[in-house]
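Structure first, then comments.
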Amino acid sequence: MTTEYNILYDGNLAFQKGLDEINNKYEDNYWEILPIEPLTVEEGKIDVPVYKKPSNKNKKAKKQTKNLSSFELAEEKAVKAVQKHSMKIGGKERNSRIDEAFLLLGKSRYYTSRFVPALEAFNYVVKNYPEASLIDETIVWRAKTSIRMQNEELAIESIDKLLENEEFSKGVLEDAYTTKALAYSQLDSVYLVIENLHKAVDASEDPEKKSRNLFILGQLYRQENSLNNSQQAFQEIVAFKKAPYKYKIHAEIEKVKNFELVGVPEEAIPQLKKLIAIRENRPYLDELYYHLAILEENRGEEDVALKYYQESVHAKNAKKYQKGLSYEKAGDIYFDNSDYFLASSYYDSVLQTSGDLDTKRIRKLSRKKQSLESVLVFEEIIKRNDSLWEVFAMSKEEQNKHFENYIETLKAQEKEAAEQQNFLNQLQEYESTGIAVASSDIQPKSSKKEWYFYNNQTVTYGVQEYKKRWGSRELTDNWRWSDKQVVQIEKVDIVDNNNEGTTGEVPEKYKVSYYTDQLPSTMREIDSISKLRSITYYQLGLIYKEQFKDYELAAYTLETLLEIFPEDKLVLGTNYHLFRIYETMGDQEKADYYSGVVVRRFPDSVFAQMILNPDEVTSGSKNNTTPEGRYREIYLVYSSGDYVQTIYDISKALRTFEGSDIVPKLELLNAYALARVKGKEAFRNALDSIVLNYSNTDEGKKAKELLKMLK
């Protein structure tokens, strides 16, 4: 009686408190398949607390007991029950509650991730109390512990043996099938997980467990592309009156996810809006708005979708993961519309919002963001250089007129800004004065007045009144004498930019010569700008083609490059890439035109051979190994000192693996081989080509460093 109603009672209360703490702190990620058991296992945690027997005379021991966690306290109570109340007489335990104490001991250790001592406690019960009323529950807990110790086969075997019996304690059958499903999930056997979860649902005694198992079933069915079964499982949760609300609302959301895969039915959007209007769903508005945005986007309503993505981000208590997804989807819309500036801003918000930056999705997005930053830099360079080139094309008189118009525009902007600032200053002065007067007018006569200088409003009002009457005077004795000089410091409301200052000088920024003197004057400077302009267009066109797959914008950029007369070394690559772009877009007429330019003007080039002998390239790709394997083979040839053969092998590999990630590596190896065969100038030219074509790769950065060393 003492064991059950004193020690174990306190121990079970502590255990339940600890279990509630775990359930309250645990947060499910509904974007992934939920774990069957909501428990975060701390890997490597094997420390075993040593408990001292509390004594009434030992106050320190009492304080130590109070500082224990809930599970540690439950474990201490279980140990105390065994140590103080075990009644083993003649090899037989006479206290029928000791098996319950050992079960509590094992469960407490299980939830503190100490699975070896937990297994020892469960095995003790199975071995010494085979007829105990808790034996079935203990076997299930032992199986769960074996799964945590990665011994799934043993767990499945013990559960199967248990299920051979026809009678079970209440709730044990549900736990047994759930545990078996947990074991199969560790073995990646989806079909058997589904089978056992169905059996657990049929034998359900706990609404929480039933709802969770149904939810996981719905997710697994969707993973297996069985959307009808998935929809049925989620609908069963919605119809289940005893289901916790978090599963109900997320089941509604999961139904919408299924709609997103097969199409948007007419009732899906109104249903989501109805859920958003329900006050109880406020904690889930970030998810609801997000899926509403996806449905609108699937219907082609991008502007409406962007609005709902913003609502998702700014929803109260929006989760970081969900905010990241909403930012990303909004960024994708701008990216697809070639608005790379806004897309970059949204992707940057994703990186700032996401806590874990080491996931595959975030790494991919980070690379995309870096490419966008390169595009924005290139676009800014092009904009500046195009503007310079327009000025170069003007006559001297036209340049002067151009800068005179610019100066007039600059003056008008500054005048407008000054007027706005003056208005704000006057408004602030009026508000401070008005407030001071109003506060004195409405002050009750009976109220006790505070000291003048304690009130900032009255001080401000007094300063203004003083200046109106006396002006600005120096801080001296007898300041009120009439012969004292009054220093009036007038504010200049608006600066007249058309007049000279008091010194008679016009600011440099208002002189035409200030701008014309900065224009490049020598042919070398102009050629340098022309070269930078051409290279920037070329690099930008390749980024649009290779990384963004924006073929229309890539074609426009490269064709603009041809119109501005690029360097000879860019003509070949530009025409070849335009040929590939139009071939991909299905415009055969333009593809033939640009391929003809390559073949006629550069018949001995590698690009011409790629166009003339595509069958040879295709057959070569079938007979060769993987790109990485072929690179290793060529590198061995290079290491042996046969540099001529290396150059020949690389030229063939470049045709075979065009567009592969291995190409920059092959180009850099080719540069090293050329340095051995043809010398420093060939090496420099090869490095220059790598920087030009693969500036965003590691090889491009390496080539840039080598070029700096060569100068």
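A note on labels: chains of the structure tokens are A, B, ... as shown, every chain counts residues from 1, and ligands are counted from 1 in their shown order.
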
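Using only C-alpha atoms, the contacts of A:Asp206 at a cut-off of 12 Å, with sequence neighbours closer than 6 positions omitted, comprise A:Lys170, A:Gly171, A:Val172, A:Leu173, A:Glu174, A:Asp175, A:Thr178, A:Ala200, A:Arg212, A:Asn213, A:Lys242, A:Ala243, A:Pro244.
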
Could you save those same residues with all heavy atoms as a short mmCIF file (atom, residue, chain, number, x, y, z; two decimals), in the first residue's frame?
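Contents of the output file selection_29.cif:
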data_model
loop_
_atom_site.label_atom_id
_atom_site.label_comp_id
_atom_site.auth_asym_id
_atom_site.auth_seq_id
_atom_site.Cartn_x
_atom_site.Cartn_y
_atom_site.Cartn_z
N LYS A 170 -5.54 -3.20 -21.97
CA LYS A 170 -6.13 -2.07 -22.68
C LYS A 170 -5.05 -1.13 -23.21
O LYS A 170 -4.17 -0.70 -22.49
CB LYS A 170 -7.06 -1.31 -21.73
CG LYS A 170 -7.84 -0.20 -22.40
CD LYS A 170 -8.78 0.46 -21.42
CE LYS A 170 -9.60 1.56 -22.09
NZ LYS A 170 -10.51 2.21 -21.14
N GLY A 171 -5.11 -0.84 -24.46
CA GLY A 171 -4.15 0.07 -25.08
C GLY A 171 -2.88 -0.56 -25.56
O GLY A 171 -2.12 0.06 -26.30
N VAL A 172 -2.59 -1.80 -25.16
CA VAL A 172 -1.33 -2.45 -25.52
C VAL A 172 -1.31 -2.78 -27.01
O VAL A 172 -0.28 -2.66 -27.68
CB VAL A 172 -1.10 -3.71 -24.66
CG1 VAL A 172 0.08 -4.51 -25.19
CG2 VAL A 172 -0.86 -3.31 -23.22
N LEU A 173 -2.45 -3.23 -27.56
CA LEU A 173 -2.49 -3.64 -28.96
C LEU A 173 -2.16 -2.45 -29.87
O LEU A 173 -1.39 -2.59 -30.83
CB LEU A 173 -3.87 -4.19 -29.30
CG LEU A 173 -4.01 -4.88 -30.68
CD1 LEU A 173 -3.04 -6.02 -30.79
CD2 LEU A 173 -5.44 -5.36 -30.90
N GLU A 174 -2.70 -1.27 -29.57
CA GLU A 174 -2.39 -0.08 -30.36
C GLU A 174 -0.91 0.25 -30.28
O GLU A 174 -0.25 0.53 -31.30
CB GLU A 174 -3.22 1.10 -29.86
CG GLU A 174 -2.94 2.40 -30.61
CD GLU A 174 -3.70 3.58 -30.03
OE1 GLU A 174 -4.22 3.46 -28.90
OE2 GLU A 174 -3.77 4.62 -30.72
N ASP A 175 -0.34 0.20 -29.07
CA ASP A 175 1.09 0.49 -28.90
C ASP A 175 1.96 -0.54 -29.60
O ASP A 175 3.02 -0.21 -30.14
CB ASP A 175 1.45 0.55 -27.42
CG ASP A 175 0.88 1.79 -26.74
OD1 ASP A 175 0.54 2.75 -27.46
OD2 ASP A 175 0.77 1.79 -25.50
N THR A 178 1.90 0.18 -33.34
CA THR A 178 2.62 1.44 -33.57
C THR A 178 4.12 1.23 -33.46
O THR A 178 4.90 1.76 -34.25
CB THR A 178 2.15 2.51 -32.58
OG1 THR A 178 0.74 2.69 -32.70
CG2 THR A 178 2.84 3.84 -32.84
N ALA A 200 -2.94 -0.25 -36.08
CA ALA A 200 -2.92 0.55 -34.86
C ALA A 200 -4.14 1.46 -34.79
O ALA A 200 -4.74 1.63 -33.72
CB ALA A 200 -1.64 1.38 -34.81
N ARG A 212 -2.50 11.03 -34.86
CA ARG A 212 -1.13 11.11 -35.39
C ARG A 212 -0.88 10.01 -36.40
O ARG A 212 -0.29 10.24 -37.47
CB ARG A 212 -0.12 11.03 -34.24
CG ARG A 212 1.31 11.32 -34.68
CD ARG A 212 2.28 11.31 -33.52
NE ARG A 212 3.58 11.80 -33.94
CZ ARG A 212 3.94 13.07 -34.00
NH1 ARG A 212 3.07 14.00 -33.64
NH2 ARG A 212 5.14 13.43 -34.41
N ASN A 213 -1.32 8.79 -36.07
CA ASN A 213 -1.12 7.68 -37.00
C ASN A 213 -1.87 7.89 -38.32
O ASN A 213 -1.36 7.58 -39.40
CB ASN A 213 -1.56 6.37 -36.35
CG ASN A 213 -0.61 5.92 -35.25
OD1 ASN A 213 0.55 6.33 -35.21
ND2 ASN A 213 -1.10 5.08 -34.34
N LYS A 242 -12.85 13.68 -31.62
CA LYS A 242 -11.93 13.72 -30.49
C LYS A 242 -10.49 14.07 -30.91
O LYS A 242 -9.60 14.13 -30.07
CB LYS A 242 -11.93 12.37 -29.76
CG LYS A 242 -13.25 12.04 -29.09
CD LYS A 242 -13.15 10.73 -28.32
CE LYS A 242 -14.45 10.40 -27.60
NZ LYS A 242 -14.35 9.13 -26.84
N ALA A 243 -10.27 14.27 -32.20
CA ALA A 243 -8.91 14.57 -32.67
C ALA A 243 -8.46 15.93 -32.15
O ALA A 243 -9.23 16.90 -32.16
CB ALA A 243 -8.87 14.56 -34.19
N PRO A 244 -7.20 16.06 -31.68
CA PRO A 244 -6.68 17.38 -31.28
C PRO A 244 -6.75 18.35 -32.44
O PRO A 244 -6.57 17.97 -33.60
CB PRO A 244 -5.23 17.07 -30.88
CG PRO A 244 -5.23 15.62 -30.52
CD PRO A 244 -6.23 14.98 -31.43
#

Query raised in the report: Which residues, written as a VMD selection string, have at least one atom at most 12 Å from stretch 179-190 of chain A, with only C-alpha atoms counted and residues fewer than 5 positions away on the same chain left out?
Result: chain A and resid 33 to 38 137 139 to 163 172 to 174 195 to 201 209 213 216 to 217 219 to 224

Requested in this report: Can you work out which one of A:Thr574, A:Thr557, A:Gln399, A:Asn24 has the shortest atom-to-atom distance to A:Asn693, counting only C-alpha atoms?
Outcome: A:Thr574

Tell me, as a short mmCIF file (atom, residue, chain, number, x, y, z; two decimals) with N, CA and C atoms, in the first residue's frame, which residues lie within 12 Å of A:Tyr514, counting only C-alpha atoms; anything in the same chain fewer than 5 positions away does not count.
data_model
loop_
_atom_site.label_atom_id
_atom_site.label_comp_id
_atom_site.auth_asym_id
_atom_site.auth_seq_id
_atom_site.Cartn_x
_atom_site.Cartn_y
_atom_site.Cartn_z
N ASN A 400 28.05 69.27 -74.04
CA ASN A 400 27.80 70.40 -73.15
C ASN A 400 26.31 70.56 -72.87
N PHE A 403 25.06 67.84 -70.41
CA PHE A 403 25.39 68.06 -69.00
C PHE A 403 24.69 69.30 -68.44
N GLU A 404 24.40 70.30 -69.31
CA GLU A 404 23.62 71.44 -68.84
C GLU A 404 22.21 71.00 -68.43
N ILE A 407 22.48 69.26 -65.10
CA ILE A 407 22.65 70.20 -63.98
C ILE A 407 21.33 70.85 -63.61
N VAL A 506 30.64 79.25 -57.96
CA VAL A 506 29.62 78.26 -58.30
C VAL A 506 30.12 76.89 -57.87
N PRO A 507 29.32 76.09 -57.16
CA PRO A 507 29.77 74.74 -56.77
C PRO A 507 30.20 73.93 -57.98
N GLU A 508 31.17 73.07 -57.78
CA GLU A 508 31.72 72.28 -58.88
C GLU A 508 30.66 71.44 -59.57
N LYS A 509 29.71 70.93 -58.81
CA LYS A 509 28.71 70.05 -59.41
C LYS A 509 27.75 70.79 -60.33
N LEU A 519 35.51 62.67 -68.46
CA LEU A 519 35.34 61.72 -69.57
C LEU A 519 36.71 61.23 -70.04
#

Report task. Rank A:Met394, A:Ile249, A:Ala293, A:Ile650 by their smallest atom-to-atom distance to A:Glu633, using only C-alpha atoms, and report the top residue only. Result ->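 Counting only C-alpha atoms, the residue closest to A:Glu633 is A:Ile650.
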
Query raised in the report: What's the 12 Å shell around A:Ser371, counting only C-alpha atoms, without same-chain residues fewer than 4 positions away, as a PyMOL selection string?
Result: chain A and resi 335+340-341+343-344+347+364-367+375-378+539-540+542-544+546-548+694-697

Query - Within 6 Å of A:Phe71 using only C-alpha atoms, minus same-chain residues under 2 positions, as JSON, numbers by chain - result: {"A": [15, 18, 69, 73, 74, 108]}

Query raised in the report: Using only C-alpha atoms, which residues sit within 12 Å of A:Asn29 once same-chain residues fewer than 2 positions away are excluded, as a PyMOL selection string?
Result: chain A and resi 26-27+31-35+38+250+287+319-322

**Report entry** Who sits within 6 Å of stretch 666-672 of chain A, only C-alpha atoms, same chain under 4 positions skipped, as a list of chain:residue names
**Finding:**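 That gives A:Ile647, A:Phe683, A:Ala686.
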
Query - Members of stretch 507-696 of chain A assigned helix (DSSP H, G or I) by DSSP, as a ChimeraX atom specification - result: /A:508-510,512-516,523-547,551-563,568-585,588-601,606-612,614-623,627-639,643-656,663-678,680-693
